[in-house]
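Worksheet: the structure to be examined is printed underneath.
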Amino acid sequence: MTARSQRGGLQTAVLTALAIGVAVIVGTLSMNKGIEQGSGGYPDEATEEYGRRLLRDTALYIGPNHDDPAMRYSGTNMACASCHLETGTKPGTLSLLPSAPKYPRFSGRDGGVRDLRDRINGCMQRSMNGRPFPRDSVELMAMERYILGLNAQYEAMGASRRMPDEQAAFAEPDRASDPAAGKLVYESRCQVCHGADGLGLRATANPANGYLFPPLWGPESYNNGAGMNRVLTAAMFIKARMPLGQADLTDDEAYDVSAYINSQPRPIKANLEVDFPDRTHKRIDSPYGPYADDFPHEQHKYGPFQPIRDYYESLKDGQ
């Protein structure tokens, strides 16, 4: 072998070694970046998939009939996906796709800044009529991680895929809602799924398998401190999403049927009087007092809401 060929072979070997070294370094950096982004300080058990299952099969994993009493966080056999349809992946009303960046944010109900884990725990105590997770629990972190993952999906979506397949947004009628008129709407459009008694339709005889159609009142429904117990919130959801697969109710129908549903008995949350330390932040349709105004409880529950709204706007104008 000539000296020239030896030098050529040495150069080739050096270049090959450098290429391998660069590949190893890049691979190591990529791996470390993946670990940093993927784990985010979460334990291995707190996977996005576990979070998705908790939303979809809530009763099975954390319901009131769980074999382990320590895992009984939800007070109902409903699922989180009863409201967050398709486990939060359906664009539009109550979608979880764009929710993560909204937190931390100020909560008038709590009187302070709250993060995503606080928000999940709020749902557990109100919509699910249960108890909060410890902040370092696998379940809470898995749900948080799932919602963060949904936002990553949302950011990658094109504009057309983000568009909800819904009616025009609910427009509040300029009157009080009418539970009697809502009863007629319920009987003609809702009870076929949710039952004449409003107690829903179970998936199987085993309560841990949850509901095909959730209860809208009664002991297994959301409690009186839940957002869905407010007429305007419920009407917004009903107008956008119900009846399932054929959402075609008018504003008046959605308004009245939400009043009928929320006039029915449901679990009572203790200590609601401590909500909204500054009562001027209280929702105008909050169905429980005390209030920072002299409007009657009945009007806060059923409307008309515009006079209440105008009153609080006048307070702001006077500042």
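Every chain in the structure tokens has a letter given in the order shown (A, B, ...), and although residue numbers restart at 1 in each chain, ligands are simply numbered from 1 in the order shown.
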### Query
Taking the backbone alone, and naming residues the way the document does, which bits of stretch 18-208 of chain A are alpha helix (DSSP H) by DSSP, as JSON, numbers by chain?
{"A": [18, 19, 20, 21, 22, 23, 24, 25, 26, 27, 28, 29, 30, 31, 32, 33, 34, 35, 36, 37, 38, 39, 48, 49, 50, 51, 52, 53, 54, 55, 56, 58, 59, 60, 61, 62, 116, 117, 118, 119, 120, 121, 122, 123, 124, 125, 138, 139, 140, 141, 142, 143, 144, 145, 146, 147, 148, 149, 150, 151, 152, 153, 154, 155, 156, 159, 160, 161, 162, 179, 180, 181, 182, 183, 184, 185, 191, 192, 193, 194]}
### Task
For stretch 146-159 of chain A, please output as a PyMOL selection string all residues within 10 Å (counting only C-alpha atoms; exclusion window: fewer than 3 positions along the same chain).
chain A and resi 38+46-55+87-89+91+95-101+116+140-143+162-163
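The shell of residues at most 12 Å from A:Glu273, with only C-alpha atoms counted and near chain neighbours (fewer than 5 positions) removed, consists of A:Arg109, A:Asp110, A:Gly225, A:Asp278, A:Arg279, A:Lys282, A:Ser286, A:Pro287, A:Tyr288, A:Gly289, A:Pro290, A:Tyr291.
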### Task
Write out as number ranges by chain all residues of stretch 14-247 of chain A that backbone DSSP assigns to strand (DSSP E).
A: 105-107, 112-114, 201-202, 211-213
Export of prior selection with C-alpha atoms as a PDB file, in the first residue's frame:
ATOM      1  CA  ARG A 105     -55.644  32.119  35.614  1.00  0.00           C
ATOM      2  CA  PHE A 106     -57.657  34.033  38.171  1.00  0.00           C
ATOM      3  CA  SER A 107     -60.724  32.247  39.542  1.00  0.00           C
ATOM      4  CA  GLY A 112     -57.055  33.462  43.572  1.00  0.00           C
ATOM      5  CA  VAL A 113     -54.954  32.244  40.677  1.00  0.00           C
ATOM      6  CA  ARG A 114     -55.518  28.572  39.924  1.00  0.00           C
ATOM      7  CA  LEU A 201     -79.215   4.817  31.055  1.00  0.00           C
ATOM      8  CA  ARG A 202     -76.492   2.604  32.493  1.00  0.00           C
ATOM      9  CA  TYR A 211     -73.594   5.269  31.599  1.00  0.00           C
ATOM     10  CA  LEU A 212     -74.490   5.212  27.949  1.00  0.00           C
ATOM     11  CA  PHE A 213     -76.473   8.379  28.653  1.00  0.00           C
TER      12      PHE A 213
END
### Query
Residues at most 12 Å from A:Phe295, counting only C-alpha atoms, excluding those fewer than 6 positions away in the same chain, as an NGL selection string?
:A and (284-287 or 289 or 301-312)
Can you spit out the residues from that selection as a PDB file, in the first residue's frame, using C-alpha atoms?
ATOM      1  CA  ILE A 284     -75.152  36.330  37.206  1.00  0.00           C
ATOM      2  CA  ASP A 285     -76.911  32.954  36.821  1.00  0.00           C
ATOM      3  CA  SER A 286     -75.409  31.424  39.943  1.00  0.00           C
ATOM      4  CA  PRO A 287     -78.287  29.453  41.489  1.00  0.00           C
ATOM      5  CA  GLY A 289     -76.431  32.906  47.230  1.00  0.00           C
ATOM      6  CA  LYS A 301     -81.606  31.003  38.885  1.00  0.00           C
ATOM      7  CA  TYR A 302     -84.012  31.441  35.967  1.00  0.00           C
ATOM      8  CA  GLY A 303     -83.636  35.014  34.709  1.00  0.00           C
ATOM      9  CA  PRO A 304     -84.249  37.406  33.156  1.00  0.00           C
ATOM     10  CA  PHE A 305     -80.521  37.964  33.445  1.00  0.00           C
ATOM     11  CA  GLN A 306     -80.008  41.210  31.546  1.00  0.00           C
ATOM     12  CA  PRO A 307     -81.118  43.460  34.447  1.00  0.00           C
ATOM     13  CA  ILE A 308     -78.595  41.697  36.709  1.00  0.00           C
ATOM     14  CA  ARG A 309     -75.899  42.066  34.082  1.00  0.00           C
ATOM     15  CA  ASP A 310     -76.738  45.759  33.645  1.00  0.00           C
ATOM     16  CA  TYR A 311     -76.488  46.325  37.398  1.00  0.00           C
ATOM     17  CA  TYR A 312     -72.965  44.940  37.594  1.00  0.00           C
TER      18      TYR A 312
END
#### Entry: Pairwise distance for atom CA of A:Thr250 and atom CA of A:Val192, rounded to one decimal in Å
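Going from atom CA of A:Thr250 over to atom CA of A:Val192 covers 18.7 Å.
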### Message
Neighbouring residues of A:Glu187 were defined as those with any atom within 12 Å, considering only C-alpha atoms; residues of the same chain fewer than 3 positions away were excluded. Please report them as a PyMOL selection string.
### Response
chain A and resi 180-184+190-198+253+257+260-261
Let's have the selection written as a compact mmCIF listing (two decimals), in the first residue's frame, with C-alpha atoms.
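Final output, selection.txt:
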# COMPACT_ATOMS: atom_id res chain seq x y z
CA ALA A 180 -92.77 24.20 32.54
CA ALA A 181 -92.08 24.83 28.86
CA GLY A 182 -88.74 23.06 29.31
CA LYS A 183 -90.52 19.96 30.63
CA LEU A 184 -92.31 19.63 27.29
CA CYS A 190 -84.44 14.30 25.83
CA GLN A 191 -86.13 11.57 27.82
CA VAL A 192 -85.65 8.94 25.11
CA CYS A 193 -81.97 8.86 26.13
CA HIS A 194 -81.86 10.25 29.67
CA GLY A 195 -85.10 8.64 30.87
CA ALA A 196 -88.43 10.04 32.00
CA ASP A 197 -86.98 10.12 35.51
CA GLY A 198 -83.79 11.89 34.38
CA GLU A 253 -85.92 25.41 23.74
CA VAL A 257 -85.06 22.79 29.03
CA TYR A 260 -86.34 22.38 33.76
CA ILE A 261 -83.33 20.10 34.25
#### Entry: Pick from A:Glu220, A:Pro173, A:Arg126, A:Tyr255, whichever lies nearest to A:Asn271 using only C-alpha atoms
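Of A:Glu220, A:Pro173, A:Arg126, A:Tyr255, the one nearest A:Asn271, counting only C-alpha atoms, is A:Arg126.
You will find atom CA of A:Thr93 at 24.8 Å from atom CA of A:Asp275.
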